[in-house]
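The next block is structure38.cif, given as mmCIF, C-alpha atoms.
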data_start
#
loop_
_atom_site.group_PDB
_atom_site.id
_atom_site.type_symbol
_atom_site.label_atom_id
_atom_site.label_comp_id
_atom_site.auth_asym_id
_atom_site.auth_seq_id
_atom_site.Cartn_x
_atom_site.Cartn_y
_atom_site.Cartn_z
ATOM 1 C CA MET A 29 27.584 -17.465 -10.495
ATOM 2 C CA ARG A 30 23.858 -16.996 -10.789
ATOM 3 C CA THR A 31 21.790 -19.090 -13.106
ATOM 4 C CA GLU A 32 18.325 -18.478 -14.513
ATOM 5 C CA ASN A 33 15.264 -19.846 -12.718
ATOM 6 C CA ILE A 34 16.836 -19.935 -9.326
ATOM 7 C CA ALA A 35 14.791 -21.998 -6.923
ATOM 8 C CA GLU A 36 15.130 -21.242 -3.266
ATOM 9 C CA PRO A 37 18.019 -23.292 -1.931
ATOM 10 C CA ALA A 38 17.354 -25.859 0.761
ATOM 11 C CA VAL A 39 17.639 -24.800 4.400
ATOM 12 C CA PRO A 40 21.302 -23.897 4.764
ATOM 13 C CA ASP A 41 23.489 -26.263 6.788
ATOM 14 C CA GLY A 42 23.241 -25.720 10.516
ATOM 15 C CA TYR A 43 20.390 -23.212 10.219
ATOM 16 C CA GLU A 44 16.871 -23.573 11.559
ATOM 17 C CA LEU A 45 13.656 -22.056 10.266
ATOM 18 C CA LEU A 46 12.795 -19.218 12.646
ATOM 19 C CA ALA A 47 9.405 -19.409 14.377
ATOM 20 C CA VAL A 48 6.872 -18.314 11.858
ATOM 21 C CA SER A 49 4.711 -15.338 12.777
ATOM 22 C CA PRO A 50 2.236 -14.133 10.143
ATOM 23 C CA PHE A 51 4.536 -11.286 9.076
ATOM 24 C CA ASN A 52 7.602 -13.545 9.000
ATOM 25 C CA ARG A 53 5.608 -15.899 6.781
ATOM 26 C CA LEU A 54 4.630 -13.030 4.475
ATOM 27 C CA THR A 55 8.170 -11.674 4.121
ATOM 28 C CA GLY A 56 10.336 -14.761 4.801
ATOM 29 C CA PRO A 57 11.178 -17.547 5.316
ATOM 30 C CA PHE A 58 13.977 -16.513 7.666
ATOM 31 C CA TYR A 59 16.670 -18.890 8.897
ATOM 32 C CA GLY A 60 18.920 -18.577 11.913
ATOM 33 C CA ARG A 61 21.921 -20.324 13.410
ATOM 34 C CA GLN A 62 22.901 -19.844 17.028
ATOM 35 C CA ARG A 63 26.662 -19.938 17.520
ATOM 36 C CA GLU A 64 28.565 -20.646 20.699
ATOM 37 C CA ASP A 65 30.715 -17.540 20.305
ATOM 38 C CA GLY A 66 27.525 -15.450 20.362
ATOM 39 C CA GLN A 67 27.943 -14.232 16.795
ATOM 40 C CA ASN A 68 24.638 -15.580 15.459
ATOM 41 C CA LEU A 69 23.918 -15.978 11.746
ATOM 42 C CA PHE A 70 20.741 -15.330 9.785
ATOM 43 C CA ARG A 71 19.592 -15.656 6.192
ATOM 44 C CA VAL A 72 16.699 -14.855 3.919
ATOM 45 C CA PHE A 73 16.594 -15.599 0.199
ATOM 46 C CA ILE A 74 15.721 -12.427 -1.696
ATOM 47 C CA ARG A 75 12.942 -12.716 -4.264
ATOM 48 C CA ASN A 76 11.320 -10.194 -6.557
ATOM 49 C CA HIS A 77 8.652 -9.309 -3.978
ATOM 50 C CA HIS A 78 11.361 -8.026 -1.605
ATOM 51 C CA LEU A 79 12.592 -5.435 -4.090
ATOM 52 C CA ASN A 80 11.923 -1.785 -4.838
ATOM 53 C CA ARG A 81 11.336 -0.409 -8.329
ATOM 54 C CA GLY A 82 15.090 0.053 -8.719
ATOM 55 C CA ALA A 83 15.658 -3.730 -8.392
ATOM 56 C CA GLY A 84 17.370 -3.278 -5.025
ATOM 57 C CA VAL A 85 16.114 -4.794 -1.792
ATOM 58 C CA HIS A 86 13.467 -2.405 -0.392
ATOM 59 C CA GLY A 87 14.680 -0.384 2.590
ATOM 60 C CA GLY A 88 11.703 -1.624 4.580
ATOM 61 C CA MET A 89 12.747 -5.215 3.981
ATOM 62 C CA LEU A 90 16.284 -4.447 5.185
ATOM 63 C CA LEU A 91 14.828 -2.890 8.354
ATOM 64 C CA ASN A 92 12.492 -5.847 8.798
ATOM 65 C CA PHE A 93 15.351 -8.364 8.498
ATOM 66 C CA CYS A 94 17.388 -6.287 10.966
ATOM 67 C CA ASP A 95 14.545 -6.374 13.483
ATOM 68 C CA ILE A 96 14.280 -10.150 13.067
ATOM 69 C CA ALA A 97 18.022 -10.897 13.160
ATOM 70 C CA LEU A 98 18.840 -8.640 16.122
ATOM 71 C CA GLY A 99 15.608 -9.453 17.945
ATOM 72 C CA ARG A 100 16.292 -13.169 17.640
ATOM 73 C CA SER A 101 19.711 -12.849 19.247
ATOM 74 C CA ALA A 102 17.990 -10.989 22.080
ATOM 75 C CA ARG A 103 15.464 -13.785 22.454
ATOM 76 C CA TRP A 104 18.153 -16.465 22.409
ATOM 77 C CA ALA A 105 19.853 -14.633 25.293
ATOM 78 C CA ILE A 106 16.917 -15.095 27.669
ATOM 79 C CA ASP A 107 14.562 -17.879 28.646
ATOM 80 C CA GLY A 108 10.934 -17.768 27.784
ATOM 81 C CA ASN A 109 9.875 -14.162 28.338
ATOM 82 C CA ALA A 110 8.455 -12.237 25.435
ATOM 83 C CA LEU A 111 10.431 -9.262 24.161
ATOM 84 C CA SER A 112 9.545 -6.008 22.511
ATOM 85 C CA THR A 113 11.769 -3.725 20.458
ATOM 86 C CA VAL A 114 12.447 -0.435 22.244
ATOM 87 C CA SER A 115 14.676 1.202 19.664
ATOM 88 C CA LEU A 116 16.536 0.291 16.498
ATOM 89 C CA GLN A 117 19.133 2.345 14.658
ATOM 90 C CA CYS A 118 20.019 1.313 11.136
ATOM 91 C CA ASP A 119 22.542 2.775 8.712
ATOM 92 C CA PHE A 120 22.164 1.956 5.026
ATOM 93 C CA VAL A 121 25.696 1.309 3.805
ATOM 94 C CA SER A 122 25.035 -0.053 0.307
ATOM 95 C CA MET A 123 22.255 -1.593 -1.748
ATOM 96 C CA ALA A 124 21.487 -5.315 -2.011
ATOM 97 C CA ARG A 125 20.107 -7.212 -5.000
ATOM 98 C CA GLY A 126 17.731 -10.111 -5.518
ATOM 99 C CA ASP A 127 18.056 -13.811 -6.438
ATOM 100 C CA CYS A 128 20.620 -14.403 -3.709
ATOM 101 C CA TRP A 129 20.838 -14.756 0.054
ATOM 102 C CA LEU A 130 20.767 -11.708 2.276
ATOM 103 C CA GLU A 131 22.763 -12.544 5.384
ATOM 104 C CA ALA A 132 22.962 -11.063 8.859
ATOM 105 C CA THR A 133 25.124 -11.452 11.914
ATOM 106 C CA SER A 134 24.060 -10.214 15.322
ATOM 107 C CA ARG A 135 25.276 -10.471 18.885
ATOM 108 C CA VAL A 136 24.165 -9.381 22.326
ATOM 109 C CA THR A 137 26.495 -6.663 23.629
ATOM 110 C CA ARG A 138 24.919 -6.241 27.067
ATOM 111 C CA LYS A 139 22.145 -7.857 29.014
ATOM 112 C CA THR A 140 20.478 -6.430 32.104
ATOM 113 C CA ARG A 141 17.449 -7.705 33.996
ATOM 114 C CA ALA A 142 15.026 -5.794 31.830
ATOM 115 C CA LEU A 143 16.979 -4.753 28.733
ATOM 116 C CA ILE A 144 19.048 -6.453 26.051
ATOM 117 C CA PHE A 145 21.433 -4.527 23.794
ATOM 118 C CA VAL A 146 22.178 -6.047 20.393
ATOM 119 C CA SER A 147 24.290 -5.020 17.432
ATOM 120 C CA GLY A 148 24.530 -6.517 13.976
ATOM 121 C CA GLU A 149 25.252 -6.210 10.292
ATOM 122 C CA LEU A 150 23.629 -7.222 7.016
ATOM 123 C CA HIS A 151 25.671 -8.531 4.100
ATOM 124 C CA SER A 152 24.824 -9.375 0.505
ATOM 125 C CA GLU A 153 27.332 -11.213 -1.661
ATOM 126 C CA ASP A 154 30.110 -10.389 0.824
ATOM 127 C CA ARG A 155 29.286 -6.670 0.725
ATOM 128 C CA LEU A 156 28.284 -4.747 3.851
ATOM 129 C CA VAL A 157 24.697 -3.547 3.382
ATOM 130 C CA MET A 158 23.595 -2.288 6.789
ATOM 131 C CA THR A 159 24.955 -1.729 10.280
ATOM 132 C CA ALA A 160 22.499 -1.708 13.160
ATOM 133 C CA SER A 161 22.093 -1.593 16.913
ATOM 134 C CA GLY A 162 19.004 -1.902 19.031
ATOM 135 C CA VAL A 163 17.555 -2.304 22.497
ATOM 136 C CA TRP A 164 14.941 -4.886 23.473
ATOM 137 C CA LYS A 165 12.812 -4.895 26.600
ATOM 138 C CA VAL A 166 12.103 -8.128 28.473
ATOM 139 C CA LEU A 167 8.355 -8.121 29.053
ATOM 140 C CA GLY A 168 7.323 -8.912 32.605
ATOM 141 C CA ALA A 169 10.820 -8.344 34.035
ATOM 142 C CA ARG A 170 10.819 -6.821 37.513
ATOM 143 C CA MET B 28 -6.499 -4.181 -4.916
ATOM 144 C CA GLN B 29 -9.291 -3.927 -2.385
ATOM 145 C CA THR B 30 -9.584 -0.488 -0.817
ATOM 146 C CA ASP B 31 -10.659 0.121 2.763
ATOM 147 C CA PRO B 32 -13.816 2.336 2.692
ATOM 148 C CA ASP B 33 -13.216 3.600 6.241
ATOM 149 C CA ILE B 34 -9.788 4.913 5.241
ATOM 150 C CA VAL B 35 -11.111 6.422 2.022
ATOM 151 C CA ALA B 36 -13.817 8.180 4.084
ATOM 152 C CA LEU B 37 -11.001 10.037 5.901
ATOM 153 C CA GLY B 38 -9.916 11.567 2.595
ATOM 154 C CA TYR B 39 -7.158 9.075 1.826
ATOM 155 C CA LYS B 40 -6.575 7.481 -1.555
ATOM 156 C CA ALA B 41 -4.901 4.156 -2.187
ATOM 157 C CA ASP B 42 -1.442 4.887 -3.539
ATOM 158 C CA LEU B 43 -1.832 4.727 -7.321
ATOM 159 C CA LYS B 44 1.743 5.595 -8.218
ATOM 160 C CA PRO B 45 3.976 2.819 -9.530
ATOM 161 C CA VAL B 46 4.704 0.912 -6.370
ATOM 162 C CA ASP B 47 7.603 -1.221 -5.314
ATOM 163 C CA PRO B 48 7.019 -5.007 -5.378
ATOM 164 C CA TYR B 49 7.692 -5.143 -1.615
ATOM 165 C CA GLU B 50 4.975 -2.532 -1.000
ATOM 166 C CA VAL B 51 2.545 -4.596 -3.094
ATOM 167 C CA LEU B 52 3.389 -7.557 -0.834
ATOM 168 C CA ILE B 53 2.827 -5.787 2.502
ATOM 169 C CA GLY B 54 0.406 -2.939 1.624
ATOM 170 C CA PRO B 55 -1.853 -1.335 0.606
ATOM 171 C CA PHE B 56 -0.778 2.087 1.861
ATOM 172 C CA TYR B 57 -2.935 5.211 1.604
ATOM 173 C CA ALA B 58 -2.020 8.850 1.011
ATOM 174 C CA ARG B 59 -3.898 12.106 1.622
ATOM 175 C CA ARG B 60 -2.812 15.494 0.344
ATOM 176 C CA GLU B 61 -3.026 18.134 3.055
ATOM 177 C CA ALA B 62 -3.978 21.796 2.536
ATOM 178 C CA GLU B 63 -0.309 22.788 3.010
ATOM 179 C CA GLY B 64 0.703 20.575 0.072
ATOM 180 C CA ASP B 65 2.404 17.828 2.054
ATOM 181 C CA TYR B 66 0.964 14.342 2.561
ATOM 182 C CA SER B 67 -0.351 12.160 5.331
ATOM 183 C CA TYR B 68 -0.190 8.379 5.028
ATOM 184 C CA ALA B 69 -2.139 5.496 6.517
ATOM 185 C CA PHE B 70 -2.468 1.726 6.595
ATOM 186 C CA ARG B 71 -4.583 -0.665 8.620
ATOM 187 C CA ILE B 72 -2.818 -3.351 10.650
ATOM 188 C CA GLY B 73 -4.015 -6.714 9.353
ATOM 189 C CA ALA B 74 -3.612 -10.226 10.719
ATOM 190 C CA GLN B 75 -0.826 -10.764 8.173
ATOM 191 C CA HIS B 76 1.215 -7.974 9.804
ATOM 192 C CA ALA B 77 1.328 -9.609 13.244
ATOM 193 C CA ASN B 78 4.278 -11.045 15.151
ATOM 194 C CA VAL B 79 4.171 -14.011 17.542
ATOM 195 C CA ASN B 80 2.744 -11.736 20.267
ATOM 196 C CA GLU B 81 -0.230 -10.989 17.965
ATOM 197 C CA ILE B 82 0.598 -7.297 17.708
ATOM 198 C CA ALA B 83 2.035 -5.428 14.719
ATOM 199 C CA HIS B 84 5.517 -6.724 13.810
ATOM 200 C CA GLY B 85 8.196 -4.062 14.309
ATOM 201 C CA GLY B 86 9.505 -4.906 10.854
ATOM 202 C CA MET B 87 6.112 -4.078 9.355
ATOM 203 C CA LEU B 88 5.892 -0.731 11.125
ATOM 204 C CA MET B 89 9.404 0.173 9.980
ATOM 205 C CA SER B 90 8.630 -1.012 6.447
ATOM 206 C CA PHE B 91 5.624 1.314 6.306
ATOM 207 C CA ALA B 92 7.769 4.088 7.772
ATOM 208 C CA ASP B 93 10.529 3.648 5.203
ATOM 209 C CA SER B 94 8.006 3.610 2.356
ATOM 210 C CA VAL B 95 6.121 6.767 3.279
ATOM 211 C CA VAL B 96 9.015 8.784 4.653
ATOM 212 C CA ALA B 97 10.703 8.117 1.312
ATOM 213 C CA ASN B 98 7.893 10.010 -0.401
ATOM 214 C CA ALA B 99 8.467 13.014 1.853
ATOM 215 C CA ALA B 100 12.185 12.875 1.042
ATOM 216 C CA PHE B 101 11.481 12.644 -2.712
ATOM 217 C CA ALA B 102 9.153 15.653 -2.462
ATOM 218 C CA ALA B 103 11.936 17.609 -0.737
ATOM 219 C CA ASN B 104 14.264 16.577 -3.578
ATOM 220 C CA ASP B 105 12.025 18.110 -6.272
ATOM 221 C CA GLY B 106 10.490 14.733 -7.056
ATOM 222 C CA MET B 107 13.861 13.101 -7.658
ATOM 223 C CA PRO B 108 14.693 9.912 -5.776
ATOM 224 C CA ALA B 109 16.730 9.973 -2.602
ATOM 225 C CA VAL B 110 18.218 6.950 -0.886
ATOM 226 C CA THR B 111 17.954 6.106 2.791
ATOM 227 C CA LEU B 112 21.107 6.815 4.778
ATOM 228 C CA SER B 113 19.836 5.980 8.227
ATOM 229 C CA MET B 114 16.678 5.374 10.142
ATOM 230 C CA ASN B 115 16.375 5.563 13.918
ATOM 231 C CA THR B 116 13.161 4.164 15.305
ATOM 232 C CA THR B 117 11.767 4.352 18.822
ATOM 233 C CA PHE B 118 8.872 2.039 19.640
ATOM 234 C CA LEU B 119 6.500 3.596 22.173
ATOM 235 C CA ALA B 120 3.370 1.452 22.152
ATOM 236 C CA PRO B 121 2.147 -1.745 20.493
ATOM 237 C CA GLY B 122 -0.004 -1.612 17.355
ATOM 238 C CA ARG B 123 -3.094 -3.820 17.536
ATOM 239 C CA ILE B 124 -4.619 -5.759 14.679
ATOM 240 C CA GLY B 125 -7.360 -3.581 13.187
ATOM 241 C CA ASP B 126 -5.680 -0.300 14.209
ATOM 242 C CA LEU B 127 -5.477 2.440 11.602
ATOM 243 C CA VAL B 128 -1.899 3.787 11.653
ATOM 244 C CA GLU B 129 -1.476 7.383 10.449
ATOM 245 C CA THR B 130 1.495 9.682 9.991
ATOM 246 C CA ARG B 131 2.308 13.091 8.565
ATOM 247 C CA PRO B 132 6.090 13.146 7.943
ATOM 248 C CA ARG B 133 7.883 16.450 8.615
ATOM 249 C CA LEU B 134 10.739 17.774 6.538
ATOM 250 C CA VAL B 135 13.174 18.996 9.194
ATOM 251 C CA ARG B 136 16.041 20.231 7.057
ATOM 252 C CA ARG B 137 17.476 19.916 3.598
ATOM 253 C CA THR B 138 21.146 20.487 2.889
ATOM 254 C CA ARG B 139 23.061 20.001 -0.349
ATOM 255 C CA GLU B 140 23.718 16.358 0.434
ATOM 256 C CA ILE B 141 21.248 15.264 3.090
ATOM 257 C CA ILE B 142 17.481 15.472 3.704
ATOM 258 C CA PHE B 143 16.239 15.138 7.305
ATOM 259 C CA VAL B 144 12.710 13.777 7.782
ATOM 260 C CA ASP B 145 10.939 12.947 11.071
ATOM 261 C CA ALA B 146 7.666 11.091 11.464
ATOM 262 C CA ASP B 147 5.439 10.031 14.359
ATOM 263 C CA PHE B 148 2.966 7.222 13.791
ATOM 264 C CA GLN B 149 -0.354 7.342 15.631
ATOM 265 C CA ALA B 150 -3.194 4.898 16.189
ATOM 266 C CA GLY B 151 -6.197 5.522 18.415
ATOM 267 C CA GLY B 152 -4.725 8.767 19.751
ATOM 268 C CA GLU B 153 -1.517 7.014 20.844
ATOM 269 C CA THR B 154 1.955 7.296 19.296
ATOM 270 C CA LEU B 155 3.180 3.827 18.295
ATOM 271 C CA LEU B 156 6.586 4.759 16.967
ATOM 272 C CA SER B 157 8.749 7.760 16.253
ATOM 273 C CA VAL B 158 11.197 7.851 13.374
ATOM 274 C CA LYS B 159 14.156 10.077 12.533
ATOM 275 C CA SER B 160 15.593 9.500 9.081
ATOM 276 C CA LEU B 161 18.375 10.813 6.877
ATOM 277 C CA TRP B 162 18.272 10.622 3.086
ATOM 278 C CA LYS B 163 21.055 11.105 0.585
ATOM 279 C CA VAL B 164 20.242 13.536 -2.214
ATOM 280 C CA ILE B 165 20.527 11.971 -5.668
ATOM 281 C CA ARG B 166 21.330 14.538 -8.322
ATOM 282 C CA PRO B 167 19.537 14.444 -11.682
ATOM 283 C CA ARG B 168 22.494 13.196 -13.731
ATOM 284 C CA LYS B 169 23.270 10.384 -11.315
ATOM 285 C CA ALA B 170 19.575 9.481 -10.977
ATOM 286 C CA GLN B 171 19.240 9.256 -14.745
ATOM 287 C CA ALA B 172 22.204 6.939 -14.972
ATOM 288 C CA ALA B 173 20.634 4.708 -12.319
ATOM 289 C CA VAL B 174 17.349 4.244 -14.222
#
Representation of the structure as structure tokens:
Amino acid sequence: MRTENIAEPAVPDGYELLAVSPFNRLTGPFYGRQREDGQNLFRVFIRNHHLNRGAGVHGGMLLNFCDIALGRSARWAIDGNALSTVSLQCDFVSMARGDCWLEATSRVTRKTRALIFVSGELHSEDRLVMTASGVWKVLGAR
Amino acid sequence: MQTDPDIVALGYKADLKPVDPYEVLIGPFYARREAEGDYSYAFRIGAQHANVNEIAHGGMLMSFADSVVANAAFAANDGMPAVTLSMNTTFLAPGRIGDLVETRPRLVRRTREIIFVDADFQAGGETLLSVKSLWKVIRPRKAQAAV
């Protein structure tokens, strides 16, 4: 159960801090765990500044975490090249609250020379929050 | 909150309505009432909005989109809240640090249950992203219970 004055838990077992861009620093920290079966795991601890006025996680934050969690699986699937998001489709299944981890799973569903297809889900307290799929472009691919 | 005089000069005002904590974190966002009664919205891409490629983070652009398209959906719902059902985003061009991003969301359709809003986001005459969104109508009684 939750307790008052929750400090952010330590880096979860087996997870790494994802490379910190300025916007990831502003809205994170985000953690990721690459799994051999391709079903990668991600986490961010939800604080007050991630919420909307209704005390749910802001829709923009859910979209942001989706971009990070799916985009990271795309990056893990290639070597070196930079990527850019081409499209992202997100369905808002239910709301998520603060003072707990927001979790994501994502996996690459298809990889071509220039494009990577990724799908994923967000969960909060074992509840499905968002389903998503997206396409990433490998920059510099010929 | 520090306002951006160049944005204000375009007729925008910093959003003075009660804002969400997340929008305080990533904003400020600006709004301008158009002659037709709808609104345009703007924000300037800052260094804090960048990804590792030193362009605007996709998550930031979608966060701005969700925030301002929500206002268009609320307006279509007689000022009552609506909740996001889905958002489909196409990224067309990178946003550079310093760019002023502007959008004028369009109400496409409103049914009993669902509000359809589209928005294109421009900077420097180029479209950065295009958004199609669906919003679930919240009826007054339910909205009151949620407050």
Atom pair CA of Ala109 in chain B / CA of Glu140 in chain B: separation (Å):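 Spanning CA of Ala109 in chain B to CA of Glu140 in chain B is a straight-line distance of 9.9 Å.
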CA of Ala169 in chain A to CA of Asn78 in chain B: how many Å, to one decimal?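 Computed distance, CA of Ala169 in chain A to CA of Asn78 in chain B, equals 20.2 Å.
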For Asp31 in chain B: contacts at 10 Å, all atoms listed in the file, fewer than 6 positions along chain excluded, given as a list in words: Tyr39, Lys40, Ala41, Pro55, Tyr57, Phe70 and Arg71 of chain B
Please save C-alpha atoms of the selected residues as an mmCIF file, in the coordinates of the input.
data_model
loop_
_atom_site.group_PDB
_atom_site.id
_atom_site.type_symbol
_atom_site.label_atom_id
_atom_site.label_comp_id
_atom_site.auth_asym_id
_atom_site.auth_seq_id
_atom_site.Cartn_x
_atom_site.Cartn_y
_atom_site.Cartn_z
ATOM 1 C CA TYR B 39 -7.158 9.075 1.826
ATOM 2 C CA LYS B 40 -6.575 7.481 -1.555
ATOM 3 C CA ALA B 41 -4.901 4.156 -2.187
ATOM 4 C CA PRO B 55 -1.853 -1.335 0.606
ATOM 5 C CA TYR B 57 -2.935 5.211 1.604
ATOM 6 C CA PHE B 70 -2.468 1.726 6.595
ATOM 7 C CA ARG B 71 -4.583 -0.665 8.620
#
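Residue list for chain A within 6 Å of chain B: Ser49, Pro50, Phe51, His77, His78, Leu79, Asn80, Arg81, Gly88, Asn92, Asp95, Val114, Ser115, Leu116, Gln117, Cys118, Asp119 and Phe120 of chain A, counting only C-alpha atoms.
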Two-atom distance - CA of Gly66 in chain A, CA of Arg135 in chain A (Å): 5.7 Å
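If you count all atoms listed in the file and draw a sphere of 12 Å around (22.5, 11.9, -2.6), the protein and nucleic acid residues inside it come out as Ala100, Phe101, Asn104, Met107, Pro108, Ala109, Val110, Thr111, Leu112, Arg137, Thr138, Arg139, Glu140, Ile141, Ile142, Leu161, Trp162, Lys163, Val164, Ile165, Arg166, Pro167, Arg168, Lys169 and Ala170 of chain B.
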